[in-house]
Amino acid sequence: MTGPGGLPWESAPGRTDLLAPPVAAALQAWGEAAQQVLVAEIDPDLADTAALVEATGAPASIMANCVVVAGRRGEVERVAACVVLATTRADVNGLVRRRLDARKASFLDHDRAVAGSGMEFGGITPVGLPPAWQVLVDAAVLEVDVAVIGSGVRRSKLALPGALLGRLPGVEVVEGLGVPLPPSSS
């Protein structure tokens, strides 16, 4: 079936070959809700949101990015995955830092994000993350009819109702997590 960006979407539970193992396992555990999740194979060079939007014409307003942040207070480190629309950026130094009860917050190192999630960098998704990680989803993401997110690998994307992201195990929906991007200069 054709969906966002004119991509060939299929039922995600039926195409686990296009998913990272933790994502496939999470969808299996999700039961009936997983039937609403679609997957489309893409060129891995299009895994980055801007490249996918440019190549397919899909609106950036339906793309959701997942960034992994670490916060530290003393010797205690907490990790959170933050899901925001591509038209915004995660408020890492404000809201996320406070949610992590940290003095300082920054993006988790590439290698640690990959090792900890079991997913490819550029494909990390909130579906199937380690239970120890907080998962913060901007409330605006839930308002999108169909959200396009990573699949755990760079060679595919997931599409699902935005509201369904709020029903993932362990998710905390946070108002204002995504801060609008500044207008680009032309």
# chains A, B, ... in the order shown; residues from 1 in each chain; ligands from 1
>>> select_by_dssp(residues="range 20-183 of chain A", states="strand (DSSP E or B)", output="number ranges by chain")
A: 38-41, 63-73, 76-85, 88-90, 104-107, 134-138, 147-150, 156-160, 171-174, 178-180
>>> residues_around(residues="Ser11 in chain A", least_positions_apart="2", cutoff="6 Å", atoms="only C-alpha atoms", output="MDAnalysis selection string")
chainID A and resid 13:14 38
>>> residues_around(residues="Ala24 in chain A", least_positions_apart="4", cutoff="10 Å", atoms="only C-alpha atoms", output="list in words")
Ala12, Pro13, Gly14, Arg15, Thr16, Asp17, Leu18, Leu19, Ala20, Gln28, Ala29, Trp30, Ala34, Val127, Gly128, Ser151 and Gly152 of chain A
>>> closest_residue(among="A:Gly74, A:Pro130, A:Gly123, A:Pro4", to="Leu160 in chain A", atoms="only C-alpha atoms")
A:Pro4
>>> residues_around(residues="Ser156 in chain A", least_positions_apart="5", cutoff="8 Å", atoms="only C-alpha atoms", output="list in words")
Leu18, Leu19, Val39, Ala40, Glu41, Ile42, Asp43, Pro44, Ala47, Gly150 and Ser151 of chain A
